[in-house]
Amino acid sequence: YQRRVHGVTQVDDCPTDNNLAEARVMLGGSSISSVSVGQQVKCPTCSDGIKNGDETGKDCGGSCPACQNGQPPYVPSTAISSPPKEGTPVTGVYNYADNEGDPEGKSTYKWYRASDCSGNNLVAIPGATSATYTPTADDKYLYFEVTPVAVNPPTTGTPKLSACREVVRNSAPSANPASITVDPKVSGGLIGTYKYYDVDGDLEGSSIYEWQRSDKCDGSGTTTTIGGQTSITYTTTASDAGQCIRFGVTPVAKTGVPQGPKVYSSWIAVNPCVGGGSNAAGNLPSRTPWQMHYGLEVNSYPNGVVPLTTCKPTKHGEICEYDSSTIPSANDNDWISAPDGESIGMKMPSKVPTCFKGVDFTYFQTFVTIPASQVVSSFSIQFSGMDDGSRITVFNTDYPNGIVVSGSYVFLGGSGTSDLKDYVKRGEVNRIVVTQVDDCPVDNNLAVARVMLGGSSVSSISPGQGPVCPTCNDGIRNGDELSIDCGGSCSPCTLR
């Protein structure tokens with residue numbers, strides 16, 4: 001008699017599951033049963049329901065009575081391979097056996113759901129007749145059943161039901177918020193943006209995109225889905241002239257609950273860059289709708305509230321409060337549409353716990369196109385319903401890193417900046433950024449911010465007032481031009 005110790009080293013080298021449902025020790029074609037410490041080895045018998053000893057079939061052959069021809073196949077064991085998760089396929093596994101050695105034919109499968117692991121309210125799941133099944137929200141506890149089928153008669157054995165397994169719940173993915181940004185590399189190009197999120201950590205699959213057109217931007221118009229536009233990008237066409245566009249996304253997860261609710265961006269008015277556009281004269285100032293950004297500070301401080309250490313404010317919106325602000329880049333992925341693209345319209349609870357102990361920044365940007373022929377007699381940003389302070393930064397080719405002057409600051413109760421005409425530039429697009437600071441509870445508001453040029457408000461892009469296709473005589477440096485209407489694909493620029 002010799003005793004040998006054997007072990008199984010099982011390796012997992014790939015997601016998603018790590019399983020070993022069953023391992024049998026086979027000796028001479030028979031399964032060796034386990035024996036507990038101190039327990040005597042149970043000798044094979046001809047009635048133990050196991051093929052062991054010198055049997056040629058289960059409890060037959062060898063030293064047992066001869067096996068009878070015509071015994072059906074059977075399933076020694078069956079199981080559900082891994083903990084079932086809602087929305088993720090799971091597999092039923094089993095062992096097939098036949099005393100005559102008949103090979104397996106087309107065995108049949110069923111999946112059952114029940115209200116508990118005692119088998120109460122056990123019912124077959126309609127249509128669930130393959131070895132794999134994807135649990136749904138209707139499933140609480142699952143069972144897998146296999147009916148063995150042999151190639152030779154008698155072909156069908158007794159169904160074998162697995163032990164029950166509880167279904168792990170899963171949540172649908174979400175996509176918030178959705179917005180539209182202008183693609184600077186494509187004339188009339190738009191990009192849909194959103195943030196995918198899944199509380200269970202399921203990775204994003206092939207989310208579904210769509211673009212819609214309407215004759216009104218307030219949602220009261222006739223809305224149609226633009227056929228064939230299922231990409232995250234869209235290039236406006238002549239059909240969009242005088243229309244409004246919005247982007248929609250249905251988030252899709254690779255595993256778990258596959259689809260979340262569809263979300264849409266705000267409507268934007270688009271004047272497509274086709275055939276010179278509707279503003280063929282090219283002499284109207286225009287700007288993009290306000291966008292907002294909750295700040296890079298949210299990545300470093302709880303709720304994005306930056307503690308005030310060296311700055312000791314004596315009034316709301318004190319200049320030193322802005323020392324800890326960082327304006328996000330123009331193309332940062334976290335820019336979203338402001339509640340109101342025309343006026344901003346932000347109103348939300350303050351995150352600042354105590355006055356003058358910390359500050360919370362919110363950023364807003366708009367891109368103002370000023371034609372070369374435009375007379376800039378004055379330029380300012382006018383506010384109403386703003387707390388606790390705001391600062392304006394102007395970006396253009398003269399000030400690529402932005403410029404802030406003393407007149408850029410607006411304190412609580414102020415109505416607007418001083419005249420900033422000396423810092424905006426004609427013949428190009430000026431990026432205007434509002435850094436709004438909240439330094440005291442209870443509210444955090446910026447109701448209205450208007451871009452004033454020559455005493456008139458510059459509206460966001462609307463039908464008949466948007467930018468036109470870049471040309472070599474529109475008085476604006478655009479396209480691939482090196483200067484106003486020259487260079488690139490236009491005539492060479494003349495040195496003066």
# chains A, B, ... in the order shown; residues from 1 in each chain; ligands from 1
call {"tool": "residues_around", "arguments": {"residues": "Pro339 of chain A", "least_positions_apart": "6", "cutoff": "9 Å", "atoms": "only C-alpha atoms", "output": "PyMOL selection string"}}
result
chain A and resi 266+290-292+345-347
call {"tool": "residues_around", "arguments": {"residues": "Thr288 of chain A", "least_positions_apart": "2", "cutoff": "7 Å", "atoms": "only C-alpha atoms", "output": "ChimeraX atom specification"}}
result
/A:290,366-368,460-461
call {"tool": "residues_around", "arguments": {"residues": "Thr223 of chain A", "least_positions_apart": "4", "cutoff": "7 Å", "atoms": "only C-alpha atoms", "output": "list of chain:residue names"}}
result
A:Gln212, A:Arg213, A:Ser214
call {"tool": "residues_around", "arguments": {"residues": "segment 326-336 of chain A", "least_positions_apart": "6", "cutoff": "8 Å", "atoms": "only C-alpha atoms", "output": "ChimeraX atom specification"}}
result
/A:177-180,193,291-297,363,435
call {"tool": "residues_around", "arguments": {"residues": "Leu20 of chain A", "least_positions_apart": "2", "cutoff": "12 Å", "atoms": "only C-alpha atoms", "output": "MDAnalysis selection string"}}
result
chainID A and resid 8:12 17:18 22:24 79:82 93
call {"tool": "write_last_selection", "arguments": {"atoms": "all heavy atoms", "output": "mmCIF file, in the first residue's frame"}}
result
data_model
loop_
_atom_site.group_PDB
_atom_site.id
_atom_site.type_symbol
_atom_site.label_atom_id
_atom_site.label_comp_id
_atom_site.auth_asym_id
_atom_site.auth_seq_id
_atom_site.Cartn_x
_atom_site.Cartn_y
_atom_site.Cartn_z
ATOM 1 N N VAL A 8 -4.088 19.993 -7.481
ATOM 2 C CA VAL A 8 -4.455 20.665 -8.738
ATOM 3 C C VAL A 8 -4.026 22.116 -8.636
ATOM 4 O O VAL A 8 -4.412 22.810 -7.684
ATOM 5 C CB VAL A 8 -5.977 20.591 -8.992
ATOM 6 C CG1 VAL A 8 -6.321 21.381 -10.245
ATOM 7 C CG2 VAL A 8 -6.409 19.146 -9.124
ATOM 8 N N THR A 9 -3.233 22.585 -9.576
ATOM 9 C CA THR A 9 -2.896 24.011 -9.659
ATOM 10 C C THR A 9 -3.697 24.589 -10.809
ATOM 11 O O THR A 9 -3.459 24.259 -11.979
ATOM 12 C CB THR A 9 -1.390 24.220 -9.911
ATOM 13 O OG1 THR A 9 -0.654 23.627 -8.843
ATOM 14 C CG2 THR A 9 -1.067 25.720 -9.979
ATOM 15 N N GLN A 10 -4.679 25.420 -10.474
ATOM 16 C CA GLN A 10 -5.555 26.005 -11.493
ATOM 17 C C GLN A 10 -5.134 27.443 -11.743
ATOM 18 O O GLN A 10 -4.892 28.198 -10.810
ATOM 19 C CB GLN A 10 -7.017 25.929 -11.029
ATOM 20 C CG GLN A 10 -8.024 26.338 -12.074
ATOM 21 C CD GLN A 10 -8.454 27.778 -11.918
ATOM 22 O OE1 GLN A 10 -8.059 28.433 -10.966
ATOM 23 N NE2 GLN A 10 -9.225 28.286 -12.846
ATOM 24 N N VAL A 11 -5.003 27.816 -12.992
ATOM 25 C CA VAL A 11 -4.537 29.172 -13.332
ATOM 26 C C VAL A 11 -5.638 29.933 -14.049
ATOM 27 O O VAL A 11 -6.377 29.362 -14.850
ATOM 28 C CB VAL A 11 -3.261 29.116 -14.212
ATOM 29 C CG1 VAL A 11 -3.546 28.456 -15.544
ATOM 30 C CG2 VAL A 11 -2.709 30.526 -14.425
ATOM 31 N N ASP A 12 -5.757 31.217 -13.707
ATOM 32 C CA ASP A 12 -6.707 32.129 -14.376
ATOM 33 C C ASP A 12 -5.894 33.203 -15.072
ATOM 34 O O ASP A 12 -5.170 33.955 -14.430
ATOM 35 C CB ASP A 12 -7.646 32.748 -13.341
ATOM 36 C CG ASP A 12 -8.601 33.744 -13.980
ATOM 37 O OD1 ASP A 12 -8.955 33.529 -15.144
ATOM 38 O OD2 ASP A 12 -8.983 34.711 -13.305
ATOM 39 N N ASP A 17 -14.426 35.565 -15.590
ATOM 40 C CA ASP A 17 -14.656 34.703 -14.437
ATOM 41 C C ASP A 17 -13.453 33.801 -14.176
ATOM 42 O O ASP A 17 -12.571 33.633 -15.035
ATOM 43 C CB ASP A 17 -15.911 33.848 -14.656
ATOM 44 C CG ASP A 17 -17.147 34.699 -14.767
ATOM 45 O OD1 ASP A 17 -17.264 35.647 -13.980
ATOM 46 O OD2 ASP A 17 -17.996 34.407 -15.627
ATOM 47 N N ASN A 18 -13.415 33.223 -12.987
ATOM 48 C CA ASN A 18 -12.376 32.272 -12.582
ATOM 49 C C ASN A 18 -13.083 31.077 -11.968
ATOM 50 O O ASN A 18 -13.548 31.137 -10.824
ATOM 51 C CB ASN A 18 -11.423 32.943 -11.583
ATOM 52 C CG ASN A 18 -10.275 32.026 -11.189
ATOM 53 O OD1 ASN A 18 -10.093 30.965 -11.777
ATOM 54 N ND2 ASN A 18 -9.500 32.454 -10.197
ATOM 55 N N GLU A 22 -15.989 21.441 -11.418
ATOM 56 C CA GLU A 22 -15.961 20.047 -10.979
ATOM 57 C C GLU A 22 -14.621 19.422 -11.335
ATOM 58 O O GLU A 22 -14.041 19.703 -12.385
ATOM 59 C CB GLU A 22 -17.108 19.268 -11.651
ATOM 60 C CG GLU A 22 -17.249 17.845 -11.136
ATOM 61 C CD GLU A 22 -18.494 17.195 -11.726
ATOM 62 O OE1 GLU A 22 -18.617 17.185 -12.961
ATOM 63 O OE2 GLU A 22 -19.328 16.720 -10.949
ATOM 64 N N ALA A 23 -14.093 18.618 -10.435
ATOM 65 C CA ALA A 23 -12.873 17.855 -10.706
ATOM 66 C C ALA A 23 -13.066 16.441 -10.153
ATOM 67 O O ALA A 23 -13.376 16.273 -8.957
ATOM 68 C CB ALA A 23 -11.669 18.540 -10.060
ATOM 69 N N ARG A 24 -12.914 15.437 -10.997
ATOM 70 C CA ARG A 24 -13.086 14.043 -10.576
ATOM 71 C C ARG A 24 -11.771 13.288 -10.757
ATOM 72 O O ARG A 24 -11.081 13.460 -11.772
ATOM 73 C CB ARG A 24 -14.190 13.353 -11.376
ATOM 74 C CG ARG A 24 -15.572 13.901 -11.074
ATOM 75 C CD ARG A 24 -16.643 13.077 -11.761
ATOM 76 N NE ARG A 24 -17.957 13.586 -11.437
ATOM 77 C CZ ARG A 24 -18.628 13.278 -10.332
ATOM 78 N NH1 ARG A 24 -18.097 12.426 -9.457
ATOM 79 N NH2 ARG A 24 -19.824 13.774 -10.110
ATOM 80 N N ALA A 79 -24.081 21.843 -13.279
ATOM 81 C CA ALA A 79 -23.918 23.057 -12.472
ATOM 82 C C ALA A 79 -23.996 24.282 -13.365
ATOM 83 O O ALA A 79 -23.896 24.189 -14.592
ATOM 84 C CB ALA A 79 -22.573 23.043 -11.732
ATOM 85 N N ILE A 80 -24.197 25.445 -12.741
ATOM 86 C CA ILE A 80 -24.080 26.738 -13.419
ATOM 87 C C ILE A 80 -22.653 27.221 -13.199
ATOM 88 O O ILE A 80 -22.180 27.292 -12.061
ATOM 89 C CB ILE A 80 -25.100 27.742 -12.883
ATOM 90 C CG1 ILE A 80 -26.528 27.242 -13.159
ATOM 91 C CG2 ILE A 80 -24.905 29.115 -13.516
ATOM 92 C CD1 ILE A 80 -27.621 28.090 -12.536
ATOM 93 N N SER A 81 -21.943 27.506 -14.279
ATOM 94 C CA SER A 81 -20.488 27.645 -14.239
ATOM 95 C C SER A 81 -19.982 28.763 -13.340
ATOM 96 O O SER A 81 -18.916 28.649 -12.748
ATOM 97 C CB SER A 81 -19.943 27.867 -15.654
ATOM 98 O OG SER A 81 -20.452 29.085 -16.194
ATOM 99 N N SER A 82 -20.710 29.863 -13.235
ATOM 100 C CA SER A 82 -20.230 31.013 -12.460
ATOM 101 C C SER A 82 -21.431 31.752 -11.887
ATOM 102 O O SER A 82 -22.568 31.555 -12.328
ATOM 103 C CB SER A 82 -19.408 31.953 -13.347
ATOM 104 O OG SER A 82 -20.184 32.419 -14.436
ATOM 105 N N VAL A 93 -22.971 23.726 -17.209
ATOM 106 C CA VAL A 93 -21.999 22.671 -17.499
ATOM 107 C C VAL A 93 -22.496 21.361 -16.908
ATOM 108 O O VAL A 93 -23.271 21.352 -15.942
ATOM 109 C CB VAL A 93 -20.609 23.024 -16.919
ATOM 110 C CG1 VAL A 93 -20.027 24.238 -17.622
ATOM 111 C CG2 VAL A 93 -20.682 23.282 -15.416
#
call {"tool": "closest_residue", "arguments": {"among": "A:Thr314, A:Gln374, A:Asn19, A:Ser380", "to": "Cys355 of chain A", "atoms": "only C-alpha atoms"}}
result
A:Thr314
call {"tool": "residues_around", "arguments": {"residues": "Val249 of chain A", "least_positions_apart": "5", "cutoff": "12 Å", "atoms": "only C-alpha atoms", "output": "PyMOL selection string"}}
result
chain A and resi 173-180+192-196+206-212+229-233+259-265
call {"tool": "write_last_selection", "arguments": {"atoms": "C-alpha atoms", "output": "PDB file, in the first residue's frame"}}
result
ATOM      1  CA  PRO A 173     -25.172  52.613 -17.795  1.00  0.00           C
ATOM      2  CA  SER A 174     -25.741  56.356 -18.076  1.00  0.00           C
ATOM      3  CA  ALA A 175     -24.484  59.190 -20.268  1.00  0.00           C
ATOM      4  CA  ASN A 176     -24.495  62.666 -18.759  1.00  0.00           C
ATOM      5  CA  PRO A 177     -24.328  65.342 -19.805  1.00  0.00           C
ATOM      6  CA  ALA A 178     -24.562  65.391 -23.603  1.00  0.00           C
ATOM      7  CA  SER A 179     -23.420  68.480 -25.468  1.00  0.00           C
ATOM      8  CA  ILE A 180     -22.181  69.672 -28.857  1.00  0.00           C
ATOM      9  CA  GLY A 192     -21.208  65.146 -29.855  1.00  0.00           C
ATOM     10  CA  THR A 193     -19.720  64.827 -26.374  1.00  0.00           C
ATOM     11  CA  TYR A 194     -20.848  63.007 -23.237  1.00  0.00           C
ATOM     12  CA  LYS A 195     -19.565  61.131 -20.215  1.00  0.00           C
ATOM     13  CA  TYR A 196     -20.201  57.399 -19.954  1.00  0.00           C
ATOM     14  CA  SER A 206     -21.005  50.408 -28.924  1.00  0.00           C
ATOM     15  CA  SER A 207     -23.116  53.313 -27.705  1.00  0.00           C
ATOM     16  CA  ILE A 208     -25.771  54.524 -30.139  1.00  0.00           C
ATOM     17  CA  TYR A 209     -25.649  58.055 -31.567  1.00  0.00           C
ATOM     18  CA  GLU A 210     -28.161  60.153 -33.447  1.00  0.00           C
ATOM     19  CA  TRP A 211     -28.566  63.721 -34.672  1.00  0.00           C
ATOM     20  CA  GLN A 212     -31.893  65.565 -34.865  1.00  0.00           C
ATOM     21  CA  GLN A 229     -26.233  60.073 -39.136  1.00  0.00           C
ATOM     22  CA  THR A 230     -25.165  57.581 -36.485  1.00  0.00           C
ATOM     23  CA  SER A 231     -21.633  58.818 -35.844  1.00  0.00           C
ATOM     24  CA  ILE A 232     -20.425  60.942 -32.938  1.00  0.00           C
ATOM     25  CA  THR A 233     -19.626  63.669 -35.495  1.00  0.00           C
ATOM     26  CA  GLN A 259     -28.587  49.942 -22.465  1.00  0.00           C
ATOM     27  CA  GLY A 260     -29.225  53.017 -20.382  1.00  0.00           C
ATOM     28  CA  PRO A 261     -31.679  55.859 -21.026  1.00  0.00           C
ATOM     29  CA  LYS A 262     -31.134  58.069 -24.058  1.00  0.00           C
ATOM     30  CA  VAL A 263     -30.018  61.644 -23.373  1.00  0.00           C
ATOM     31  CA  TYR A 264     -29.923  64.690 -25.649  1.00  0.00           C
ATOM     32  CA  SER A 265     -27.828  67.827 -25.796  1.00  0.00           C
TER      33      SER A 265
END
call {"tool": "atom_distance", "arguments": {"atom1": "atom CA of Arg426 of chain A", "atom2": "atom CA of Ile381 of chain A"}}
result
17.0 Å
call {"tool": "closest_residue", "arguments": {"among": "A:Gly219, A:Pro159, A:Pro307, A:Gly256", "to": "Ala269 of chain A", "atoms": "only C-alpha atoms"}}
result
A:Gly219
call {"tool": "residues_around", "arguments": {"residues": "Met386 of chain A", "least_positions_apart": "4", "cutoff": "8 Å", "atoms": "only C-alpha atoms", "output": "PyMOL selection string"}}
result
chain A and resi 390+412-413+445-448
call {"tool": "write_last_selection", "arguments": {"atoms": "N, CA and C atoms", "output": "PDB file, in the first residue's frame"}}
result
ATOM      1  N   SER A 390     -16.833  87.907 -10.677  1.00  0.00           N
ATOM      2  CA  SER A 390     -16.459  87.368 -11.979  1.00  0.00           C
ATOM      3  C   SER A 390     -15.240  88.106 -12.517  1.00  0.00           C
ATOM      4  N   LEU A 412     -19.414  91.589  -6.402  1.00  0.00           N
ATOM      5  CA  LEU A 412     -20.822  91.370  -6.069  1.00  0.00           C
ATOM      6  C   LEU A 412     -21.588  92.688  -6.125  1.00  0.00           C
ATOM      7  N   GLY A 413     -22.680  92.691  -6.870  1.00  0.00           N
ATOM      8  CA  GLY A 413     -23.478  93.899  -7.049  1.00  0.00           C
ATOM      9  C   GLY A 413     -23.081  94.697  -8.269  1.00  0.00           C
ATOM     10  N   ASN A 445     -24.810  81.702  -8.341  1.00  0.00           N
ATOM     11  CA  ASN A 445     -25.618  82.119  -9.484  1.00  0.00           C
ATOM     12  C   ASN A 445     -24.833  82.957 -10.479  1.00  0.00           C
ATOM     13  N   LEU A 446     -25.191  82.788 -11.732  1.00  0.00           N
ATOM     14  CA  LEU A 446     -24.815  83.748 -12.777  1.00  0.00           C
ATOM     15  C   LEU A 446     -25.951  83.701 -13.782  1.00  0.00           C
ATOM     16  N   ALA A 447     -26.907  84.600 -13.587  1.00  0.00           N
ATOM     17  CA  ALA A 447     -28.140  84.542 -14.383  1.00  0.00           C
ATOM     18  C   ALA A 447     -27.905  84.991 -15.816  1.00  0.00           C
ATOM     19  N   VAL A 448     -27.243  86.163 -15.972  1.00  0.00           N
ATOM     20  CA  VAL A 448     -27.102  86.749 -17.312  1.00  0.00           C
ATOM     21  C   VAL A 448     -25.696  87.296 -17.488  1.00  0.00           C
TER      22      VAL A 448
END
call {"tool": "select_by_dssp", "arguments": {"residues": "segment 55-185 of chain A", "states": "strand (DSSP E or B)", "output": "JSON, numbers by chain"}}
result
{"A": [57, 60, 74, 78, 79, 80, 85, 88, 90, 91, 92, 93, 94, 97, 104, 108, 109, 110, 111, 112, 113, 114, 123, 124, 132, 133, 141, 142, 143, 144, 145, 146, 147, 149, 150, 156, 160, 161, 165, 166, 168, 174, 175, 179, 180, 181, 182]}
call {"tool": "write_last_selection", "arguments": {"atoms": "N, CA and C atoms", "output": "short mmCIF file (atom, residue, chain, number, x, y, z; two decimals), in the first residue's frame"}}
result
data_model
loop_
_atom_site.label_atom_id
_atom_site.label_comp_id
_atom_site.auth_asym_id
_atom_site.auth_seq_id
_atom_site.Cartn_x
_atom_site.Cartn_y
_atom_site.Cartn_z
N GLY A 57 -20.03 -0.63 -16.54
CA GLY A 57 -21.09 0.36 -16.56
C GLY A 57 -21.46 0.70 -15.13
N CYS A 60 -22.81 -2.38 -13.02
CA CYS A 60 -22.96 -3.56 -13.86
C CYS A 60 -21.64 -3.86 -14.57
N TYR A 74 -26.95 9.03 -18.96
CA TYR A 74 -27.28 9.74 -17.73
C TYR A 74 -26.27 10.86 -17.50
N THR A 78 -24.36 18.28 -12.82
CA THR A 78 -24.53 19.49 -13.63
C THR A 78 -24.46 20.70 -12.71
N ALA A 79 -24.08 21.84 -13.28
CA ALA A 79 -23.92 23.06 -12.47
C ALA A 79 -24.00 24.28 -13.37
N ILE A 80 -24.20 25.45 -12.74
CA ILE A 80 -24.08 26.74 -13.42
C ILE A 80 -22.65 27.22 -13.20
N LYS A 85 -24.88 36.98 -13.43
CA LYS A 85 -24.98 38.42 -13.28
C LYS A 85 -25.96 38.96 -14.32
N THR A 88 -25.29 39.54 -18.21
CA THR A 88 -24.05 38.90 -18.65
C THR A 88 -24.31 37.41 -18.89
N VAL A 90 -24.24 33.45 -19.00
CA VAL A 90 -23.71 32.43 -18.08
C VAL A 90 -23.93 31.07 -18.74
N THR A 91 -23.09 30.09 -18.40
CA THR A 91 -23.12 28.79 -19.06
C THR A 91 -23.46 27.68 -18.08
N GLY A 92 -24.28 26.74 -18.55
CA GLY A 92 -24.54 25.53 -17.78
C GLY A 92 -23.55 24.44 -18.19
N VAL A 93 -22.97 23.73 -17.21
CA VAL A 93 -22.00 22.67 -17.50
C VAL A 93 -22.50 21.36 -16.91
N TYR A 94 -22.00 20.23 -17.48
CA TYR A 94 -22.47 18.92 -17.00
C TYR A 94 -21.51 17.84 -17.49
N ALA A 97 -22.68 10.65 -19.50
CA ALA A 97 -22.21 9.27 -19.34
C ALA A 97 -23.21 8.32 -19.97
N GLU A 104 -22.53 11.05 -27.15
CA GLU A 104 -23.62 12.00 -26.91
C GLU A 104 -24.18 12.52 -28.22
N THR A 108 -30.58 18.13 -24.66
CA THR A 108 -31.42 19.33 -24.60
C THR A 108 -31.26 20.04 -23.26
N TYR A 109 -31.51 21.35 -23.28
CA TYR A 109 -31.27 22.17 -22.10
C TYR A 109 -32.50 23.03 -21.78
N LYS A 110 -32.62 23.33 -20.50
CA LYS A 110 -33.65 24.26 -20.05
C LYS A 110 -33.10 25.09 -18.91
N TRP A 111 -33.56 26.31 -18.82
CA TRP A 111 -33.24 27.18 -17.70
C TRP A 111 -34.53 27.49 -16.95
N TYR A 112 -34.42 27.49 -15.63
CA TYR A 112 -35.58 27.76 -14.79
C TYR A 112 -35.27 28.95 -13.87
N ARG A 113 -36.30 29.69 -13.55
CA ARG A 113 -36.20 30.74 -12.52
C ARG A 113 -37.09 30.36 -11.35
N ALA A 114 -36.69 30.79 -10.16
CA ALA A 114 -37.47 30.50 -8.96
C ALA A 114 -37.38 31.69 -8.02
N VAL A 123 -40.25 27.82 -12.49
CA VAL A 123 -40.89 27.82 -13.81
C VAL A 123 -39.81 27.86 -14.87
N ALA A 124 -40.08 27.19 -16.00
CA ALA A 124 -39.16 27.22 -17.13
C ALA A 124 -39.20 28.61 -17.77
N THR A 132 -26.17 28.33 -22.85
CA THR A 132 -25.89 29.65 -22.27
C THR A 132 -27.19 30.43 -22.14
N TYR A 133 -27.20 31.33 -21.15
CA TYR A 133 -28.40 32.15 -20.90
C TYR A 133 -27.95 33.49 -20.32
N TYR A 141 -33.41 33.68 -8.88
CA TYR A 141 -32.61 32.47 -8.68
C TYR A 141 -32.73 31.61 -9.94
N LEU A 142 -31.63 31.01 -10.36
CA LEU A 142 -31.60 30.24 -11.60
C LEU A 142 -31.23 28.78 -11.35
N TYR A 143 -31.80 27.92 -12.21
CA TYR A 143 -31.43 26.51 -12.26
C TYR A 143 -31.16 26.15 -13.73
N PHE A 144 -30.21 25.25 -13.93
CA PHE A 144 -29.93 24.74 -15.28
C PHE A 144 -30.25 23.26 -15.31
N GLU A 145 -30.93 22.83 -16.36
CA GLU A 145 -31.31 21.42 -16.50
C GLU A 145 -30.84 20.89 -17.84
N VAL A 146 -30.30 19.67 -17.83
CA VAL A 146 -29.89 19.01 -19.06
C VAL A 146 -30.56 17.65 -19.14
N THR A 147 -31.06 17.33 -20.30
CA THR A 147 -31.59 15.99 -20.58
C THR A 147 -30.62 15.32 -21.53
N VAL A 149 -28.91 13.00 -24.22
CA VAL A 149 -29.39 12.31 -25.41
C VAL A 149 -28.21 11.60 -26.06
N ALA A 150 -28.35 10.28 -26.28
CA ALA A 150 -27.30 9.48 -26.92
C ALA A 150 -27.59 9.35 -28.42
N THR A 156 -32.72 8.87 -24.90
CA THR A 156 -33.00 9.94 -23.94
C THR A 156 -32.94 9.44 -22.51
N LYS A 160 -31.45 16.16 -15.54
CA LYS A 160 -30.66 16.43 -14.33
C LYS A 160 -30.68 17.93 -14.08
N LEU A 161 -31.14 18.33 -12.89
CA LEU A 161 -31.26 19.74 -12.53
C LEU A 161 -30.08 20.15 -11.65
N ARG A 165 -28.54 29.02 -8.18
CA ARG A 165 -27.59 30.12 -7.97
C ARG A 165 -28.37 31.44 -8.02
N GLU A 166 -28.01 32.35 -7.10
CA GLU A 166 -28.68 33.65 -7.03
C GLU A 166 -28.12 34.59 -8.08
N VAL A 168 -26.93 38.06 -9.53
CA VAL A 168 -26.37 39.32 -9.04
C VAL A 168 -27.00 40.46 -9.82
N SER A 174 -25.16 55.03 -17.86
CA SER A 174 -25.74 56.36 -18.08
C SER A 174 -24.77 57.20 -18.89
N ALA A 175 -25.29 58.26 -19.47
CA ALA A 175 -24.48 59.19 -20.27
C ALA A 175 -24.94 60.60 -19.93
N SER A 179 -23.56 67.12 -24.95
CA SER A 179 -23.42 68.48 -25.47
C SER A 179 -22.83 68.42 -26.87
N ILE A 180 -22.74 69.57 -27.51
CA ILE A 180 -22.18 69.67 -28.86
C ILE A 180 -21.05 70.69 -28.83
N THR A 181 -19.93 70.32 -29.43
CA THR A 181 -18.84 71.27 -29.62
C THR A 181 -18.56 71.42 -31.10
N VAL A 182 -17.99 72.55 -31.47
CA VAL A 182 -17.65 72.82 -32.87
C VAL A 182 -16.30 72.19 -33.18
#
